[in-house]
file target.txt (compact mmCIF, C-alpha atoms and all ligand atoms)
# COMPACT_ATOMS: atom_id res chain seq x y z
CA MET A 18 122.71 179.46 19.62
CA THR A 19 120.31 180.13 22.45
CA GLU A 20 120.82 177.99 25.51
CA GLN A 21 117.99 176.43 27.46
CA CYS A 22 116.90 177.85 30.78
CA THR A 23 118.35 174.87 32.67
CA MET A 24 121.34 176.18 34.65
CA LEU A 25 120.45 176.27 38.31
CA HIS A 26 122.35 177.91 41.15
CA VAL A 27 121.49 177.23 44.77
CA ASP A 28 122.90 179.30 47.60
CA ALA A 29 122.08 178.70 51.26
CA ASP A 30 120.91 181.75 53.18
CA GLY A 31 123.21 182.84 56.03
CA PHE A 32 124.50 179.28 56.00
CA PHE A 33 126.64 178.80 59.16
CA ALA A 34 124.26 180.83 61.31
CA SER A 35 121.24 179.03 59.84
CA VAL A 36 122.78 175.65 60.65
CA GLU A 37 123.17 176.78 64.25
CA GLN A 38 119.54 177.88 64.29
CA SER A 39 118.48 174.59 62.77
CA LEU A 40 120.42 172.61 65.40
CA ASN A 41 119.09 174.73 68.25
CA PRO A 42 115.55 175.99 67.66
CA ALA A 43 115.87 178.39 70.63
CA LEU A 44 118.14 180.46 68.37
CA ARG A 45 115.54 180.89 65.63
CA GLY A 46 114.47 184.47 65.11
CA ARG A 47 117.49 185.73 67.06
CA ALA A 48 120.59 187.62 65.96
CA VAL A 49 123.21 184.85 65.84
CA VAL A 50 126.81 185.00 64.67
CA THR A 51 129.58 182.41 64.48
CA GLY A 52 133.32 182.91 64.84
CA ALA A 53 133.66 183.19 68.65
CA GLU A 54 136.96 181.31 68.49
CA ARG A 55 138.60 184.02 66.38
CA GLY A 56 136.92 187.15 67.71
CA ILE A 57 135.79 187.97 64.18
CA ILE A 58 132.40 187.17 62.72
CA ALA A 59 132.48 184.31 60.24
CA ALA A 60 128.74 184.31 59.50
CA ALA A 61 125.66 186.22 60.63
CA SER A 62 122.00 185.23 60.68
CA TYR A 63 119.55 187.40 58.75
CA GLU A 64 118.32 188.79 62.07
CA ALA A 65 121.90 189.97 62.76
CA LYS A 66 122.34 191.23 59.19
CA ALA A 67 119.24 193.37 59.68
CA LEU A 68 121.18 195.13 62.47
CA LYS A 69 124.10 195.76 60.07
CA ILE A 70 126.15 192.99 61.62
CA GLY A 71 128.08 191.01 59.08
CA ARG A 72 131.01 188.81 58.20
CA GLY A 73 134.46 190.16 59.06
CA MET A 74 133.24 192.47 61.82
CA GLN A 75 134.98 192.41 65.22
CA LEU A 76 132.84 190.78 67.89
CA HIS A 77 133.05 193.74 70.25
CA GLU A 78 131.78 196.08 67.53
CA ALA A 79 128.89 193.71 66.86
CA ARG A 80 128.04 193.44 70.56
CA ALA A 81 127.91 197.22 70.72
CA LEU A 82 125.27 197.17 67.96
CA CYS A 83 123.32 194.34 69.55
CA PRO A 84 123.91 193.56 73.24
CA SER A 85 121.74 190.44 73.05
CA LEU A 86 123.76 189.01 70.15
CA VAL A 87 124.28 185.24 70.35
CA VAL A 88 127.95 184.51 69.64
CA LEU A 89 128.89 180.91 68.85
CA PRO A 90 132.12 179.11 68.05
CA SER A 91 132.27 177.71 64.51
CA ASP A 92 131.21 174.10 64.19
CA TYR A 93 132.67 173.21 60.81
CA GLU A 94 131.87 169.55 61.21
CA ALA A 95 128.15 170.37 61.46
CA TYR A 96 128.38 172.80 58.54
CA SER A 97 130.01 170.24 56.30
CA ILE A 98 127.38 167.65 57.18
CA TYR A 99 124.59 170.09 56.34
CA SER A 100 126.42 171.06 53.16
CA ARG A 101 126.52 167.43 52.08
CA ARG A 102 122.85 167.05 52.87
CA ILE A 103 121.94 170.04 50.73
CA PHE A 104 123.93 168.61 47.82
CA ASN A 105 122.36 165.20 48.32
CA ILE A 106 118.89 166.73 48.17
CA LEU A 107 119.89 168.50 44.95
CA ARG A 108 121.08 165.20 43.49
CA ARG A 109 117.60 163.76 43.93
CA PHE A 110 116.44 166.27 41.32
CA THR A 111 119.34 165.93 38.90
CA PRO A 112 122.55 163.95 38.66
CA CYS A 113 124.38 166.93 37.12
CA VAL A 114 125.61 168.79 40.20
CA GLU A 115 128.73 170.85 40.75
CA GLU A 116 129.55 171.54 44.39
CA TYR A 117 130.88 175.05 44.08
CA SER A 118 131.48 175.93 47.74
CA ILE A 119 130.30 174.75 51.14
CA ASP A 120 126.89 176.38 50.62
CA GLU A 121 126.61 176.88 46.87
CA ALA A 122 126.11 174.51 43.97
CA PHE A 123 125.37 174.66 40.28
CA ALA A 124 123.22 172.05 38.58
CA ILE A 125 121.73 171.39 35.19
CA ILE A 126 118.05 170.53 35.43
CA ASP A 127 115.85 168.59 33.06
CA THR A 128 112.86 170.78 32.25
CA ALA A 129 111.10 168.27 30.00
CA ARG A 130 108.60 167.23 32.66
CA SER A 131 108.68 170.04 35.23
CA SER A 132 109.21 173.75 34.77
CA PRO A 133 112.23 175.49 36.30
CA GLU A 134 109.78 177.23 38.65
CA GLU A 135 108.41 173.90 39.92
CA LEU A 136 111.85 172.35 40.32
CA ALA A 137 113.28 175.35 42.16
CA ALA A 138 110.27 175.40 44.49
CA ALA A 139 110.54 171.65 45.15
CA ILE A 140 114.26 171.89 45.97
CA ARG A 141 113.66 174.78 48.36
CA GLN A 142 110.82 172.95 50.04
CA ALA A 143 112.84 169.77 50.48
CA VAL A 144 115.75 171.66 52.06
CA ARG A 145 113.44 173.61 54.35
CA GLU A 146 111.49 170.56 55.50
CA GLU A 147 114.40 168.17 55.87
CA LEU A 148 117.12 170.49 57.15
CA GLY A 149 115.25 173.39 58.70
CA LEU A 150 117.08 176.04 56.74
CA THR A 151 116.42 178.04 53.61
CA VAL A 152 118.19 178.37 50.28
CA SER A 153 117.75 180.77 47.40
CA VAL A 154 117.61 179.42 43.88
CA GLY A 155 118.25 180.99 40.49
CA VAL A 156 117.67 179.35 37.13
CA SER A 157 118.75 180.79 33.81
CA LEU A 158 120.75 180.09 30.68
CA THR A 159 124.27 180.33 32.09
CA LYS A 160 126.12 180.11 35.38
CA THR A 161 126.72 183.85 35.51
CA LEU A 162 123.02 184.59 35.01
CA ALA A 163 121.91 181.88 37.44
CA LYS A 164 124.18 183.35 40.10
CA LEU A 165 122.61 186.79 39.63
CA CYS A 166 119.17 185.18 39.91
CA SER A 167 119.82 183.33 43.19
CA LYS A 168 120.93 186.60 44.76
CA PHE A 169 118.07 188.61 43.30
CA ARG A 170 115.38 187.91 45.91
CA LYS A 171 117.50 186.53 48.71
CA PRO A 172 116.71 185.10 51.28
CA ASP A 173 114.30 182.18 50.82
CA ASN A 174 113.23 182.88 47.29
CA GLN A 175 113.75 181.95 43.65
CA THR A 176 114.16 183.77 40.36
CA ILE A 177 113.84 182.20 36.93
CA LEU A 178 115.31 184.26 34.11
CA ARG A 179 114.51 183.28 30.51
CA HIS A 180 116.17 184.68 27.45
CA GLU A 181 113.62 187.38 26.72
CA HIS A 182 113.94 188.95 30.18
CA ILE A 183 117.72 189.09 30.37
CA PRO A 184 117.90 192.84 29.58
CA VAL A 185 115.47 193.68 32.39
CA MET A 186 117.66 191.93 34.94
CA LEU A 187 120.93 193.27 33.57
CA LYS A 188 119.68 196.83 33.57
CA ARG A 189 119.33 196.74 37.33
CA THR A 190 122.62 194.93 37.92
CA PRO A 191 125.64 197.18 38.62
CA ILE A 192 128.63 195.89 36.68
CA ASP A 193 130.67 195.15 39.81
CA LYS A 194 127.96 192.73 40.99
CA VAL A 195 128.61 190.42 38.05
CA TRP A 196 130.36 187.17 39.00
CA GLY A 197 133.93 187.33 37.69
CA ILE A 198 134.07 191.09 37.15
CA GLY A 199 136.56 192.33 39.73
CA ALA A 200 137.63 195.75 40.88
CA ALA A 201 140.19 196.26 38.08
CA SER A 202 137.70 195.41 35.32
CA THR A 203 135.01 197.52 36.97
CA ALA A 204 137.35 200.53 37.02
CA LYS A 205 138.20 200.11 33.31
CA LEU A 206 134.55 199.72 32.35
CA THR A 207 133.31 202.60 34.51
CA ARG A 208 135.82 204.89 32.82
CA LEU A 209 134.11 204.06 29.52
CA GLY A 210 130.67 204.86 30.94
CA VAL A 211 129.73 201.20 31.43
CA HIS A 212 127.85 201.05 34.73
CA SER A 213 125.29 198.28 34.43
CA ALA A 214 125.58 194.73 33.16
CA LEU A 215 123.25 195.83 30.34
CA ASP A 216 125.72 198.55 29.28
CA PHE A 217 128.39 195.86 29.33
CA ILE A 218 126.65 193.41 26.97
CA GLY A 219 125.95 196.32 24.62
CA MET A 220 129.68 196.72 24.01
CA GLU A 221 131.30 195.41 20.85
CA GLU A 222 132.96 192.04 21.36
CA SER A 223 136.24 193.29 19.88
CA GLN A 224 136.32 196.12 22.37
CA VAL A 225 135.65 193.77 25.28
CA ARG A 226 138.41 191.48 24.09
CA LYS A 227 140.87 194.36 23.95
CA LEU A 228 139.87 195.83 27.29
CA LEU A 229 139.49 192.78 29.51
CA HIS A 230 141.31 189.51 30.01
CA LYS A 231 139.78 186.23 28.95
CA PRO A 232 137.52 185.73 32.00
CA GLY A 233 135.94 189.17 31.47
CA HIS A 234 135.34 188.28 27.86
CA GLU A 235 133.73 185.00 28.92
CA SER A 236 131.45 186.91 31.31
CA TRP A 237 130.30 189.08 28.42
CA HIS A 238 129.18 185.93 26.55
CA GLU A 239 127.62 184.42 29.64
CA LEU A 240 125.56 187.53 30.35
CA ARG A 241 124.28 187.41 26.79
CA GLY A 242 123.07 183.87 27.43
CA ALA A 243 125.88 181.88 25.82
CA ARG A 244 127.38 179.22 28.07
CA ARG A 245 131.10 179.62 28.53
CA PHE A 246 131.48 178.27 32.06
CA ARG A 247 130.67 174.57 31.93
CA LEU A 248 129.33 172.55 34.79
CA GLU A 249 132.30 170.93 36.49
CA GLN A 250 130.60 167.83 37.64
CA ASN A 251 131.95 165.48 40.26
CA PRO A 252 134.95 167.38 41.48
CA GLN A 253 135.15 164.29 43.69
CA ARG A 254 137.42 165.34 46.47
CA SER A 255 139.96 162.73 47.30
CA TYR A 256 142.40 162.66 50.15
CA ASP A 257 145.87 161.20 50.58
CA SER A 258 145.51 160.89 54.31
CA MET A 259 143.35 162.02 57.19
CA MET A 260 144.72 162.93 60.57
CA LYS A 261 143.06 163.76 63.87
CA GLY A 262 144.97 164.83 66.95
CA HIS A 263 144.44 166.44 70.29
CA THR A 264 146.73 167.96 72.88
CA PHE A 265 145.61 167.56 76.45
CA ALA A 266 146.47 169.53 79.53
CA PRO A 267 147.74 168.58 82.00
CA PRO A 268 149.94 165.92 80.38
CA SER A 269 149.24 162.40 81.56
CA GLY A 270 150.84 159.03 82.11
CA ASP A 271 147.56 157.14 82.54
CA PRO A 272 147.36 154.45 79.83
CA ASP A 273 143.55 154.22 79.91
CA PHE A 274 143.19 157.95 79.45
CA ILE A 275 145.78 158.15 76.69
CA PHE A 276 144.30 155.20 74.83
CA ALA A 277 140.87 156.85 75.11
CA GLU A 278 142.36 160.01 73.59
CA ALA A 279 143.81 158.02 70.70
CA LEU A 280 140.56 156.13 70.21
CA ASN A 281 138.64 159.39 70.15
CA ASN A 282 140.93 160.63 67.37
CA LEU A 283 140.50 157.37 65.48
CA GLU A 284 136.72 157.58 65.67
CA ARG A 285 136.72 161.15 64.40
CA ALA A 286 139.07 160.22 61.56
CA LEU A 287 136.94 157.21 60.64
CA ALA A 288 133.74 159.26 60.65
CA LYS A 289 135.41 161.65 58.19
CA LEU A 290 136.70 158.74 56.12
CA ARG A 291 133.22 157.30 55.79
CA ARG A 292 131.66 160.68 55.13
CA HIS A 293 133.93 161.00 52.11
CA GLN A 294 133.41 157.34 51.22
CA HIS A 295 137.11 156.50 51.33
CA ARG A 296 138.73 153.36 52.72
CA CYS A 297 142.20 153.17 54.21
CA GLY A 298 145.14 150.82 53.89
CA GLU A 299 147.22 152.16 56.77
CA ILE A 300 146.67 153.34 60.32
CA GLY A 301 149.27 155.30 62.24
CA LEU A 302 149.57 156.45 65.83
CA SER A 303 151.87 159.04 67.26
CA LEU A 304 152.28 159.65 70.99
CA ARG A 305 153.89 162.95 71.83
CA LEU A 306 155.75 163.18 75.09
CA LYS A 307 155.77 166.04 77.54
CA ASP A 308 159.24 167.08 76.32
CA TYR A 309 157.92 167.25 72.71
CA ASP A 310 159.72 164.09 71.71
CA HIS A 311 157.43 161.62 70.06
CA ARG A 312 157.09 157.98 69.16
CA SER A 313 155.05 156.78 66.24
CA ALA A 314 154.27 153.64 64.31
CA ALA A 315 151.96 152.49 61.56
CA LEU A 316 150.33 149.26 60.44
CA ARG A 317 148.99 148.15 57.09
CA ILE A 318 145.30 147.38 56.84
CA ALA A 319 144.42 144.59 54.43
CA PRO A 320 141.88 144.40 52.98
CA LEU A 321 141.21 148.15 52.88
CA SER A 322 138.66 149.17 55.45
CA ASP A 323 136.59 151.99 56.88
CA SER A 324 135.23 150.13 59.88
CA ASN A 325 135.75 150.66 63.58
CA ALA A 326 135.67 146.93 64.16
CA ALA A 327 138.66 146.41 61.86
CA LEU A 328 140.71 149.39 63.00
CA VAL A 329 140.24 149.59 66.78
CA PRO A 330 142.22 146.38 67.42
CA ARG A 331 145.02 147.73 65.18
CA LEU A 332 145.06 150.95 67.19
CA ARG A 333 145.34 148.89 70.38
CA GLN A 334 148.25 146.99 68.87
CA LEU A 335 150.04 150.25 67.98
CA PHE A 336 149.32 151.70 71.39
CA ASN A 337 150.68 148.67 73.22
CA ALA A 338 153.85 148.84 71.14
CA LEU A 339 154.41 152.57 71.73
CA PHE A 340 153.21 153.27 75.25
CA GLU A 341 155.84 153.25 77.97
CA ASP A 342 154.97 153.03 81.64
CA GLY A 343 156.19 156.06 83.53
CA ALA A 344 156.38 158.32 80.48
CA ILE A 345 154.26 161.47 80.47
CA TYR A 346 152.36 162.28 77.28
CA ARG A 347 150.79 165.48 76.04
CA SER A 348 149.06 164.55 72.80
CA THR A 349 148.04 161.72 70.51
CA ASN A 350 147.65 161.80 66.75
CA VAL A 351 146.00 159.17 64.63
CA TRP A 352 146.28 159.10 60.87
CA LEU A 353 144.70 157.01 58.16
CA ALA A 354 146.67 156.70 54.95
CA GLU A 355 146.85 154.71 51.71
CA LEU A 356 143.36 156.00 51.06
CA GLU A 357 141.19 154.75 48.28
CA PRO A 358 138.58 157.23 47.01
CA PRO A 359 135.14 155.93 46.01
CA HIS A 360 135.64 156.21 42.26
CA LEU A 361 138.69 153.89 42.40
CA ARG A 362 137.02 151.28 44.54
CA GLN A 363 137.57 147.69 43.45
CA PRO A 364 134.71 145.29 43.91
CA ASP A 365 135.49 143.18 46.94
CA LEU A 366 134.82 139.46 46.71
CA PHE A 367 134.14 139.28 50.43
CA ASP A 368 131.95 142.38 50.52
CA ASN A 369 128.84 140.34 51.11
CA SER A 370 129.68 138.39 54.22
CA VAL A 371 126.98 138.74 56.83
CA ALA A 372 129.41 139.78 59.59
CA LYS A 373 130.89 142.48 57.43
CA GLN A 374 127.51 143.82 56.49
CA ALA A 375 126.51 143.90 60.14
CA ARG A 376 129.64 145.91 61.01
CA GLN A 377 129.07 148.34 58.17
CA GLU A 378 125.49 148.75 59.24
CA LEU A 379 126.58 149.45 62.80
CA ASP A 380 129.15 152.08 61.71
CA ARG A 381 126.56 153.68 59.47
CA LYS A 382 124.03 153.83 62.31
CA VAL A 383 126.57 155.33 64.69
CA ASP A 384 127.58 157.98 62.13
CA GLN A 385 123.92 158.73 61.59
CA LEU A 386 123.20 159.11 65.31
CA ASN A 387 126.26 161.28 65.72
CA ARG A 388 125.15 163.50 62.87
CA GLN A 389 121.69 163.68 64.36
CA PHE A 390 122.65 164.27 67.97
CA GLY A 391 125.97 165.95 67.45
CA GLY A 392 129.62 165.27 68.17
CA GLN A 393 130.27 161.74 69.22
CA SER A 394 127.01 161.03 70.97
CA VAL A 395 127.63 157.37 70.39
CA LYS A 396 131.12 156.17 71.01
CA ALA A 397 133.20 153.31 72.28
CA ALA A 398 132.87 152.52 75.97
CA ALA A 399 136.65 153.03 76.35
CA LEU A 400 136.14 156.71 75.62
CA LEU A 401 134.48 157.05 79.01
CA ASN A 402 138.08 157.12 80.27
CA LEU A 403 138.40 160.62 78.85
CA LYS A 404 138.46 163.21 81.58
CA ASP A 405 136.91 166.62 81.85
CA LYS A 406 138.95 168.88 79.71
CA PRO A 407 140.15 172.06 81.36
CA SER A 408 138.61 174.95 79.51
CA HIS A 409 140.77 177.00 77.26
CA ALA A 410 139.69 179.91 75.06
CA ARG A 411 141.23 178.13 72.09
CA ASP A 412 139.20 175.06 72.98
CA ALA A 413 135.91 176.95 72.60
CA GLN A 414 133.50 174.28 71.51
CA PRO A 415 130.11 174.34 69.94
CA GLU A 416 127.48 174.36 72.65
CA ARG A 417 125.81 171.19 71.43
CA TYR A 418 128.89 169.22 72.55
CA GLY A 419 128.17 170.23 76.09
CA ARG A 420 124.41 169.79 76.25
CA LEU A 421 123.77 167.18 78.87
CA PHE A 422 120.70 165.47 80.08
CA LYS A 423 120.03 165.46 83.79
CA GLY A 424 122.24 162.93 85.49
CA GLU A 425 124.39 162.45 82.42
CA SER A 426 128.14 162.35 82.68
CA ARG A 427 130.39 164.86 80.94
CA ILE A 428 130.62 162.64 77.90
CA ARG A 429 127.23 162.32 76.44
CA HIS A 430 126.27 158.90 75.31
CA ILE A 431 123.18 157.17 74.17
CA ASN A 432 122.29 153.67 75.17
CA ILE A 433 122.18 151.47 72.16
CA PRO A 434 122.28 147.71 72.33
CA ARG A 435 125.87 146.51 72.58
CA LEU A 436 126.77 144.30 69.69
CA THR A 437 129.52 141.80 70.16
CA LEU A 438 131.37 141.39 66.94
CA GLY A 439 133.93 138.75 66.26
CA GLU A 440 137.37 139.41 64.82
CA GLY A 441 138.16 138.99 61.18
MG MG A 501 125.24 181.59 50.99
call {"tool": "encode", "arguments": {"input": "target.txt", "output": "structure tokens"}}
result
Amino acid sequence: MTEQCTMLHVDADGFFASVEQSLNPALRGRAVVTGAERGIIAAASYEAKALKIGRGMQLHEARALCPSLVVLPSDYEAYSIYSRRIFNILRRFTPCVEEYSIDEAFAIIDTARSSPEELAAAIRQAVREELGLTVSVGVSLTKTLAKLCSKFRKPDNQTILRHEHIPVMLKRTPIDKVWGIGAASTAKLTRLGVHSALDFIGMEESQVRKLLHKPGHESWHELRGARRFRLEQNPQRSYDSMMKGHTFAPPSGDPDFIFAEALNNLERALAKLRRHQHRCGEIGLSLRLKDYDHRSAALRIAPLSDSNAALVPRLRQLFNALFEDGAIYRSTNVWLAELEPPHLRQPDLFDNSVAKQARQELDRKVDQLNRQFGGQSVKAAALLNLKDKPSHARDAQPERYGRLFKGESRIRHINIPRLTLGEG
């Protein structure tokens, strides 16, 4: 049976570095790498790649190749937000999406009304216009072929491969560039004179079965246009708990400062909770003392919630129970547990109260502003009790966290109308 040309693969171009360039237009057109915190390059922009600078290279080697190289610490929070946005754009074109990695997805498209060419172009345009970065798209009969296609004219391009043109593509594809064919299989095949993917699909099936393990055999089918790797839709990630913590130096006995630290952790945990559309049934706080001893406690949250308004008073309650005057603390950890993932969500009879909707709307707005302006641009007033952090190599932070407007304090905040929300 011949499959339809409906399997799409999208792969962001130089993803981490492109996100940095999208967030900071001054970096566009420049050689940019991420991974400053580890001393090893995690990702390189295409401008850096052109200078033979790539992933895994030591920073000092890269600087030797390009003295003006821009080296940034990784900002995984920003990358995961952009990742989600790419996938959400893709979902506007088709509900059948498999998130394969942070910057790659497979999807099955409906070509009844638009051609694969038109759909691929529309997806690329939407990503470019809305996110300021580029993706490459491949469309073909199977995942393995679609993956070859997205790589074919990288960056910022698309390749559509229909059944009749498969041999042309496979002829120019070295066997070790086929998804799923590793070094061991390549060595076995090369020994038999199989060098290109076209040579490979010309082999007898029985011979392939004898020579390679099951995945290699599946790749043989896939390259011939027969779907063996299905779309694994909705690998909805669910979490058991989420924890955010921070160690501060020097240690402190100031209750306002330590509560601000805990609140900061709670807000980060809640932003993650909402990003993954979970709700929690437990909040926990742990205060670690200077001598590494710690005190912790947890409270149940009923009904389940994802809102700052519901959880901040619980955090205060935990803090008041744990904090001891005169004790010196070095870190706080906040965890959210008893999580409920979105697909298990029970309809809530009280979901429609006006106050609750207002709180959800506020949280959503704050998350949105924070995504837009970075870090925790908008945060609780109590967080102004946080002090300047002493700088530490390990604390290397994305530059956007530190961008301040003239006259602004260390903690960047945006004036939004204060809403007074009642309890309950
Ligand atoms: Mg990529």
call {"tool": "residues_near_ligand", "arguments": {"input": "target.txt", "ligand": "ligand MG 501 (chain A)", "cutoff": "8 Å", "atoms": "only C-alpha atoms and all ligand atoms", "output": "list in words"}}
result
Asp28, Ala29, Asp30, Gly31, Phe32, Asp120, Glu121 and Val152 of chain A
call {"tool": "atom_distance", "arguments": {"input": "target.txt", "atom1": "CA of Gly73 in chain A", "atom2": "CA of Gly46 in chain A"}}
result
21.6 Å
call {"tool": "closest_residue", "arguments": {"input": "target.txt", "among": "A:His212, A:Arg347, A:Lys160, A:Arg130", "to": "Ser236 in chain A", "atoms": "only C-alpha atoms"}}
result
A:Lys160
call {"tool": "atom_distance", "arguments": {"input": "target.txt", "atom1": "CA of Ile58 in chain A", "atom2": "CA of Tyr96 in chain A"}}
result
15.5 Å
call {"tool": "residues_around", "arguments": {"input": "target.txt", "residues": "Ser85 in chain A", "least_positions_apart": "6", "cutoff": "12 Å", "atoms": "all atoms listed in the file", "output": "tab-separated table (two decimals) with C-alpha atoms, keeping the file's coordinate frame"}}
result
chain	number	residue	atom	x	y	z
A	44	LEU	CA	118.14	180.46	68.37
A	47	ARG	CA	117.49	185.73	67.06
A	48	ALA	CA	120.59	187.62	65.96
A	49	VAL	CA	123.21	184.85	65.84
A	50	VAL	CA	126.81	185.00	64.67
A	64	GLU	CA	118.32	188.79	62.07
A	65	ALA	CA	121.90	189.97	62.76
A	68	LEU	CA	121.18	195.13	62.47
A	79	ALA	CA	128.89	193.71	66.86
call {"tool": "closest_residue", "arguments": {"input": "target.txt", "among": "A:Cys166, A:Pro172, A:Glu20, A:Leu328", "to": "Ser62 in chain A", "atoms": "only C-alpha atoms"}}
result
A:Pro172
call {"tool": "residues_around", "arguments": {"input": "target.txt", "residues": "Ser313 in chain A", "least_positions_apart": "5", "cutoff": "9 Å", "atoms": "only C-alpha atoms", "output": "MDAnalysis selection string"}}
result
chainID A and resid 301:305 335 339 350
call {"tool": "closest_residue", "arguments": {"input": "target.txt", "among": "A:Leu107, A:Leu283, A:Ala354, A:Ala338", "to": "Ile318 in chain A", "atoms": "all atoms listed in the file"}}
result
A:Ala354
call {"tool": "atom_distance", "arguments": {"input": "target.txt", "atom1": "CA of Ile103 in chain A", "atom2": "CA of Glu378 in chain A"}}
result
23.2 Å
call {"tool": "residues_around", "arguments": {"input": "target.txt", "residues": "Pro191 in chain A", "least_positions_apart": "2", "cutoff": "10 Å", "atoms": "only C-alpha atoms", "output": "ChimeraX atom specification"}}
result
/A:187-189,193-195,203,211-217
call {"tool": "closest_residue", "arguments": {"input": "target.txt", "among": "A:Ala326, A:Leu228, A:Val351, A:Ala243", "to": "Met24 in chain A", "atoms": "all atoms listed in the file"}}
result
A:Ala243
call {"tool": "residues_around", "arguments": {"input": "target.txt", "residues": "Met260 in chain A", "least_positions_apart": "5", "cutoff": "12 Å", "atoms": "all atoms listed in the file", "output": "PyMOL selection string"}}
result
chain A and resi 279+281-290+297+299-303+349-354+356
call {"tool": "write_last_selection", "arguments": {"input": "target.txt", "atoms": "C-alpha atoms", "output": "compact mmCIF listing (two decimals), in the coordinates of the input"}}
result
# COMPACT_ATOMS: atom_id res chain seq x y z
CA ALA A 279 143.81 158.02 70.70
CA ASN A 281 138.64 159.39 70.15
CA ASN A 282 140.93 160.63 67.37
CA LEU A 283 140.50 157.37 65.48
CA GLU A 284 136.72 157.58 65.67
CA ARG A 285 136.72 161.15 64.40
CA ALA A 286 139.07 160.22 61.56
CA LEU A 287 136.94 157.21 60.64
CA ALA A 288 133.74 159.26 60.65
CA LYS A 289 135.41 161.65 58.19
CA LEU A 290 136.70 158.74 56.12
CA CYS A 297 142.20 153.17 54.21
CA GLU A 299 147.22 152.16 56.77
CA ILE A 300 146.67 153.34 60.32
CA GLY A 301 149.27 155.30 62.24
CA LEU A 302 149.57 156.45 65.83
CA SER A 303 151.87 159.04 67.26
CA THR A 349 148.04 161.72 70.51
CA ASN A 350 147.65 161.80 66.75
CA VAL A 351 146.00 159.17 64.63
CA TRP A 352 146.28 159.10 60.87
CA LEU A 353 144.70 157.01 58.16
CA ALA A 354 146.67 156.70 54.95
CA LEU A 356 143.36 156.00 51.06
call {"tool": "closest_residue", "arguments": {"input": "target.txt", "among": "A:Leu240, A:Leu25, A:Val329, A:Ile275", "to": "Glu115 in chain A", "atoms": "only C-alpha atoms"}}
result
A:Leu25
call {"tool": "residues_around", "arguments": {"input": "target.txt", "residues": "Ile70 in chain A", "least_positions_apart": "3", "cutoff": "8 Å", "atoms": "all atoms listed in the file", "output": "JSON, numbers by chain"}}
result
{"A": [61, 65, 66, 67, 74, 79, 82]}
call {"tool": "closest_residue", "arguments": {"input": "target.txt", "among": "A:Thr176, A:Lys307, A:Ile106, A:Pro84", "to": "Gln142 in chain A", "atoms": "all atoms listed in the file"}}
result
A:Ile106
